[in-house]
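*Asks:* What follows is a structure written as structure tokens; I'll ask about it next.
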Amino acid sequence: MSCSIRLYKDSDYEVVREIFTCGIKEHSGTAFHHALSLPHIWVLQLLTFLVLLQTTGSLTVAVVAVIATVALLWLLCRYIYSSYVQQSLQDDMLDIRKYYLQRDGYCFWVAESAGEVVGTVAAVPPHHPGGDRQVELKRLSVPRRHRGKGIAKALCQTVIDFAKQRDCEAVILETSLSQYDACRLYEKMGFRESRNSCPPHPVTKLIDFRILFYQYDILKHR
């Protein structure tokens, strides 16, 4: 598939926000299946079943309660990603041109094929000590029907080239544990996981929602 990478235009606004929204929300299903595989979730469900069976004597009540815990788990996973989407749409994705194209060190690109926007990526300066020598990769997303065609790799390389042009030492990024395909892409391109953490909230700890931090060292790849 032939595509070109260009700067974001105002006419891309709606489709870019839609690509971002769909790309984030799809991970709630993966996070849900990961949560269901956790030993402590199985223990919680078993205890729920046994306690209610013992106290009520009703198999139906016990089974319905377990189903309810599974449904609650799904809602929690969906909430984490949906709330992030809503927050982002009211933050950097509200006025993309102003946020990304009118400030030094920021940028936003789209991949286009046959007149259709088929991917997005952004770059920002990290807000931490030493961040002046780094670029943070953000908003990398390719619709499912266009994946496997090298688009995400090209977008990722665009940010790496942007960092090189600014004489930076590294490109960093954050992603979640459930974004398996993205993690594989980053690792194939030379990014290495530097650390991971679980946000300090009971819900995120319950479902093992982890943030992975990756870094691409430019000097090592010259």
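Ordering of the structure tokens sets the chain letters (A, B, ...); residue numbers start at 1 within each chain; ligands are numbered from 1 in the order shown.
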Excluding stretch 132-137 of chain A and residues on its chain fewer than 2 positions from it, collect all residues at most 7 Å away from it, counting only C-alpha atoms, and give them as an MDAnalysis selection string.
*Replies:* chainID A and resid 122:126 130 159 163 168:173
*Asks:* Assign secondary structure with DSSP using the backbone only, and return the residues of stretch 104-197 of chain A in helix (DSSP H, G or I) as a compact mmCIF listing (two decimals) with N, CA and C atoms, in the first residue's frame.
*Replies:*
```txt
# COMPACT_ATOMS: atom_id res chain seq x y z
N GLY A 131 14.19 16.39 29.60
CA GLY A 131 13.31 16.23 28.45
C GLY A 131 13.64 17.12 27.28
N ASP A 132 14.50 18.13 27.48
CA ASP A 132 14.87 19.02 26.39
C ASP A 132 15.72 18.32 25.33
N ARG A 133 16.24 17.13 25.64
CA ARG A 133 17.03 16.36 24.67
C ARG A 133 16.26 15.15 24.16
N ARG A 144 -7.92 -0.36 12.01
CA ARG A 144 -7.70 -1.80 11.91
C ARG A 144 -7.60 -2.28 10.45
N ARG A 145 -8.46 -1.75 9.58
CA ARG A 145 -8.49 -2.24 8.19
C ARG A 145 -7.25 -1.86 7.40
N HIS A 146 -6.43 -0.94 7.95
CA HIS A 146 -5.22 -0.51 7.23
C HIS A 146 -3.93 -1.02 7.88
N ILE A 151 2.23 1.19 7.65
CA ILE A 151 1.86 2.59 7.91
C ILE A 151 2.34 3.04 9.28
N ALA A 152 2.09 2.22 10.29
CA ALA A 152 2.51 2.58 11.65
C ALA A 152 4.02 2.72 11.73
N LYS A 153 4.74 1.85 11.05
CA LYS A 153 6.21 1.93 11.04
C LYS A 153 6.67 3.24 10.42
N ALA A 154 6.04 3.64 9.31
CA ALA A 154 6.41 4.89 8.65
C ALA A 154 6.12 6.09 9.54
N LEU A 155 5.00 6.05 10.23
CA LEU A 155 4.65 7.15 11.14
C LEU A 155 5.63 7.23 12.31
N CYS A 156 5.97 6.08 12.83
CA CYS A 156 6.93 6.02 13.93
C CYS A 156 8.29 6.56 13.49
N GLN A 157 8.71 6.19 12.29
CA GLN A 157 9.99 6.67 11.76
C GLN A 157 9.97 8.18 11.55
N THR A 158 8.80 8.73 11.24
CA THR A 158 8.66 10.17 11.07
C THR A 158 9.01 10.91 12.35
N VAL A 159 8.57 10.38 13.47
CA VAL A 159 8.89 11.01 14.76
C VAL A 159 10.37 10.85 15.08
N ILE A 160 10.94 9.70 14.77
CA ILE A 160 12.38 9.49 15.00
C ILE A 160 13.19 10.48 14.16
N ASP A 161 12.81 10.67 12.91
CA ASP A 161 13.51 11.64 12.04
C ASP A 161 13.34 13.06 12.56
N PHE A 162 12.17 13.37 13.08
CA PHE A 162 11.90 14.69 13.66
C PHE A 162 12.84 14.93 14.84
N ALA A 163 13.02 13.90 15.67
CA ALA A 163 13.92 14.02 16.81
C ALA A 163 15.37 14.20 16.37
N LYS A 164 15.76 13.48 15.32
CA LYS A 164 17.13 13.62 14.80
C LYS A 164 17.37 15.03 14.28
N GLN A 165 16.40 15.59 13.59
CA GLN A 165 16.52 16.94 13.05
C GLN A 165 16.68 17.98 14.15
N TYR A 180 -0.72 -4.81 22.53
CA TYR A 180 0.29 -5.78 22.15
C TYR A 180 0.94 -5.46 20.81
N ASP A 181 0.13 -5.15 19.81
CA ASP A 181 0.67 -4.90 18.47
C ASP A 181 1.60 -3.69 18.47
N ALA A 182 1.22 -2.65 19.20
CA ALA A 182 2.06 -1.46 19.28
C ALA A 182 3.39 -1.78 19.94
N CYS A 183 3.35 -2.55 21.00
CA CYS A 183 4.59 -2.92 21.70
C CYS A 183 5.53 -3.70 20.78
N ARG A 184 4.97 -4.63 20.01
CA ARG A 184 5.80 -5.41 19.09
C ARG A 184 6.43 -4.51 18.02
N LEU A 185 5.65 -3.55 17.54
CA LEU A 185 6.18 -2.62 16.54
C LEU A 185 7.34 -1.82 17.11
N TYR A 186 7.15 -1.25 18.30
CA TYR A 186 8.19 -0.43 18.91
C TYR A 186 9.47 -1.24 19.11
N GLU A 187 9.32 -2.46 19.60
CA GLU A 187 10.50 -3.29 19.86
C GLU A 187 11.22 -3.66 18.57
N LYS A 188 10.47 -3.93 17.49
CA LYS A 188 11.10 -4.23 16.21
C LYS A 188 11.86 -3.03 15.66
```
*Asks:* Skipping near chain neighbours, those fewer than 3 positions away, what residues fall within 10 Å of stretch 43-54 of chain A using only C-alpha atoms, listed as a VMD selection string?
*Replies:* chain A and resid 36 38 to 40 57 to 70
*Asks:* Using only C-alpha atoms, which of the listed residues (A:Val15, A:Ser28, A:Ile211, A:Tyr216) sits closest to A:Glu112?
*Replies:*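 The closest residue to A:Glu112 is A:Val15.
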*Asks:* Could you state the separation of atom CA of A:Ile24 and atom CA of A:Gln179 in Å, given to one decimal place?
*Replies:* 9.1 Å
*Asks:* I need the residue nearest A:Tyr8 from this list: A:Gln215, A:Thr204, A:Thr120, A:Thr21. Use only C-alpha atoms for the distance.
*Replies:*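 Using only C-alpha atoms, the shortest distance to A:Tyr8 belongs to A:Thr120.
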*Asks:* May I ask which of the residues A:Ser11, A:Gln87, A:Ser141, A:Ser176 is the closest one to A:His27, counting only C-alpha atoms?
*Replies:*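 Answer, going by the shortest atom-to-atom distance: A:Ser176.
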*Asks:* Identify, on the basis of only C-alpha atoms, every residue whose closest approach to A:Cys77 does not exceed 9 Å; exclude the query and any residue fewer than 5 positions from it along the same chain; express the result as a PDB file with all heavy atoms, in the first residue's frame.
*Replies:*
```pdb
ATOM      1  N   HIS A  27      -8.916  -1.206  22.835  1.00  0.00           N
ATOM      2  CA  HIS A  27      -8.044  -1.911  23.767  1.00  0.00           C
ATOM      3  C   HIS A  27      -8.771  -2.340  25.043  1.00  0.00           C
ATOM      4  O   HIS A  27      -8.216  -3.117  25.829  1.00  0.00           O
ATOM      5  CB  HIS A  27      -6.844  -1.037  24.126  1.00  0.00           C
ATOM      6  CG  HIS A  27      -6.008  -0.661  22.941  1.00  0.00           C
ATOM      7  ND1 HIS A  27      -5.427  -1.598  22.114  1.00  0.00           N
ATOM      8  CD2 HIS A  27      -5.674   0.549  22.419  1.00  0.00           C
ATOM      9  CE1 HIS A  27      -4.764  -0.990  21.147  1.00  0.00           C
ATOM     10  NE2 HIS A  27      -4.901   0.302  21.310  1.00  0.00           N
ATOM     11  N   SER A  28      -9.982  -1.839  25.254  1.00  0.00           N
ATOM     12  CA  SER A  28     -10.718  -2.232  26.454  1.00  0.00           C
ATOM     13  C   SER A  28     -11.012  -3.734  26.437  1.00  0.00           C
ATOM     14  O   SER A  28     -10.998  -4.388  27.483  1.00  0.00           O
ATOM     15  CB  SER A  28     -12.018  -1.430  26.577  1.00  0.00           C
ATOM     16  OG  SER A  28     -12.830  -1.604  25.437  1.00  0.00           O
ATOM     17  N   GLY A  29     -11.260  -4.302  25.253  1.00  0.00           N
ATOM     18  CA  GLY A  29     -11.514  -5.734  25.158  1.00  0.00           C
ATOM     19  C   GLY A  29     -10.293  -6.558  25.526  1.00  0.00           C
ATOM     20  O   GLY A  29     -10.397  -7.565  26.240  1.00  0.00           O
ATOM     21  N   THR A  30      -9.130  -6.129  25.053  1.00  0.00           N
ATOM     22  CA  THR A  30      -7.887  -6.833  25.375  1.00  0.00           C
ATOM     23  C   THR A  30      -7.593  -6.752  26.867  1.00  0.00           C
ATOM     24  O   THR A  30      -7.177  -7.733  27.488  1.00  0.00           O
ATOM     25  CB  THR A  30      -6.714  -6.242  24.579  1.00  0.00           C
ATOM     26  OG1 THR A  30      -7.049  -6.202  23.198  1.00  0.00           O
ATOM     27  CG2 THR A  30      -5.451  -7.077  24.771  1.00  0.00           C
ATOM     28  N   ALA A  31      -7.816  -5.567  27.441  1.00  0.00           N
ATOM     29  CA  ALA A  31      -7.602  -5.388  28.877  1.00  0.00           C
ATOM     30  C   ALA A  31      -8.549  -6.278  29.684  1.00  0.00           C
ATOM     31  O   ALA A  31      -8.168  -6.834  30.722  1.00  0.00           O
ATOM     32  CB  ALA A  31      -7.811  -3.920  29.247  1.00  0.00           C
ATOM     33  N   PHE A  32      -9.776  -6.429  29.192  1.00  0.00           N
ATOM     34  CA  PHE A  32     -10.764  -7.272  29.865  1.00  0.00           C
ATOM     35  C   PHE A  32     -10.319  -8.734  29.867  1.00  0.00           C
ATOM     36  O   PHE A  32     -10.374  -9.413  30.906  1.00  0.00           O
ATOM     37  CB  PHE A  32     -12.110  -7.119  29.156  1.00  0.00           C
ATOM     38  CG  PHE A  32     -13.171  -8.084  29.602  1.00  0.00           C
ATOM     39  CD1 PHE A  32     -13.666  -8.039  30.900  1.00  0.00           C
ATOM     40  CD2 PHE A  32     -13.665  -9.038  28.727  1.00  0.00           C
ATOM     41  CE1 PHE A  32     -14.649  -8.936  31.314  1.00  0.00           C
ATOM     42  CE2 PHE A  32     -14.642  -9.939  29.133  1.00  0.00           C
ATOM     43  CZ  PHE A  32     -15.138  -9.883  30.430  1.00  0.00           C
ATOM     44  N   ALA A  35      -7.534  -9.191  32.298  1.00  0.00           N
ATOM     45  CA  ALA A  35      -8.025  -9.194  33.679  1.00  0.00           C
ATOM     46  C   ALA A  35      -8.644 -10.542  34.043  1.00  0.00           C
ATOM     47  O   ALA A  35      -8.445 -11.053  35.153  1.00  0.00           O
ATOM     48  CB  ALA A  35      -9.040  -8.069  33.868  1.00  0.00           C
ATOM     49  N   LEU A  72     -19.107  -6.391  35.656  1.00  0.00           N
ATOM     50  CA  LEU A  72     -18.490  -5.236  36.306  1.00  0.00           C
ATOM     51  C   LEU A  72     -17.045  -5.073  35.853  1.00  0.00           C
ATOM     52  O   LEU A  72     -16.570  -3.952  35.618  1.00  0.00           O
ATOM     53  CB  LEU A  72     -18.546  -5.406  37.817  1.00  0.00           C
ATOM     54  CG  LEU A  72     -17.886  -4.290  38.650  1.00  0.00           C
ATOM     55  CD1 LEU A  72     -18.545  -2.942  38.369  1.00  0.00           C
ATOM     56  CD2 LEU A  72     -17.949  -4.623  40.141  1.00  0.00           C
ATOM     57  N   SER A  82     -12.407   4.706  27.964  1.00  0.00           N
ATOM     58  CA  SER A  82     -13.381   5.720  27.539  1.00  0.00           C
ATOM     59  C   SER A  82     -13.124   7.052  28.232  1.00  0.00           C
ATOM     60  O   SER A  82     -13.217   8.118  27.611  1.00  0.00           O
ATOM     61  CB  SER A  82     -14.813   5.245  27.845  1.00  0.00           C
ATOM     62  OG  SER A  82     -15.142   4.113  27.086  1.00  0.00           O
ATOM     63  N   VAL A 203      -8.754   0.269  41.219  1.00  0.00           N
ATOM     64  CA  VAL A 203      -9.300  -0.356  40.014  1.00  0.00           C
ATOM     65  C   VAL A 203      -8.182  -0.809  39.085  1.00  0.00           C
ATOM     66  O   VAL A 203      -8.203  -1.934  38.562  1.00  0.00           O
ATOM     67  CB  VAL A 203     -10.246   0.613  39.280  1.00  0.00           C
ATOM     68  CG1 VAL A 203     -10.619   0.050  37.909  1.00  0.00           C
ATOM     69  CG2 VAL A 203     -11.509   0.851  40.107  1.00  0.00           C
ATOM     70  N   THR A 204      -7.200   0.061  38.853  1.00  0.00           N
ATOM     71  CA  THR A 204      -6.109  -0.299  37.950  1.00  0.00           C
ATOM     72  C   THR A 204      -5.277  -1.447  38.512  1.00  0.00           C
ATOM     73  O   THR A 204      -4.780  -2.288  37.755  1.00  0.00           O
ATOM     74  CB  THR A 204      -5.203   0.910  37.669  1.00  0.00           C
ATOM     75  OG1 THR A 204      -4.709   1.449  38.921  1.00  0.00           O
ATOM     76  CG2 THR A 204      -5.980   2.013  36.951  1.00  0.00           C
ATOM     77  N   ILE A 207      -7.249  -4.869  37.977  1.00  0.00           N
ATOM     78  CA  ILE A 207      -7.224  -5.458  36.632  1.00  0.00           C
ATOM     79  C   ILE A 207      -5.816  -5.480  36.034  1.00  0.00           C
ATOM     80  O   ILE A 207      -5.644  -5.821  34.867  1.00  0.00           O
ATOM     81  CB  ILE A 207      -8.174  -4.714  35.682  1.00  0.00           C
ATOM     82  CG1 ILE A 207      -7.695  -3.275  35.437  1.00  0.00           C
ATOM     83  CG2 ILE A 207      -9.592  -4.724  36.216  1.00  0.00           C
ATOM     84  CD1 ILE A 207      -8.494  -2.547  34.375  1.00  0.00           C
ATOM     85  N   PHE A 209      -3.775  -3.020  35.229  1.00  0.00           N
ATOM     86  CA  PHE A 209      -3.621  -2.057  34.137  1.00  0.00           C
ATOM     87  C   PHE A 209      -2.253  -1.402  34.280  1.00  0.00           C
ATOM     88  O   PHE A 209      -2.010  -0.634  35.215  1.00  0.00           O
ATOM     89  CB  PHE A 209      -4.720  -0.997  34.200  1.00  0.00           C
ATOM     90  CG  PHE A 209      -4.585   0.061  33.136  1.00  0.00           C
ATOM     91  CD1 PHE A 209      -5.026  -0.172  31.844  1.00  0.00           C
ATOM     92  CD2 PHE A 209      -3.997   1.292  33.433  1.00  0.00           C
ATOM     93  CE1 PHE A 209      -4.902   0.801  30.857  1.00  0.00           C
ATOM     94  CE2 PHE A 209      -3.862   2.268  32.455  1.00  0.00           C
ATOM     95  CZ  PHE A 209      -4.310   2.019  31.169  1.00  0.00           C
TER      96      PHE A 209
END
```
*Asks:* Assign secondary structure with DSSP using the backbone only, and return the residues of stretch 31-206 of chain A in strand (DSSP E or B) as an MDAnalysis selection string.
*Replies:* chainID A and resid 107:113 116:124 134:141 170:176 192:197
*Asks:* So, counting only C-alpha atoms, which residue among A:Lys149, A:Lys98, A:Lys9, A:Lys205 is closest to A:Leu76?
*Replies:*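 Looking only at the distances to A:Leu76, the closest residue turns out to be A:Lys205.
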*Asks:* Go through A:Ser178, A:Tyr214, A:Leu75, A:Asp10 one by one, measure the shortest atom-to-atom distance of each to A:Lys138 using only C-alpha atoms, and give the residue with the smallest value.
*Replies:*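 Under the stated criterion, the closest residue is A:Tyr214.
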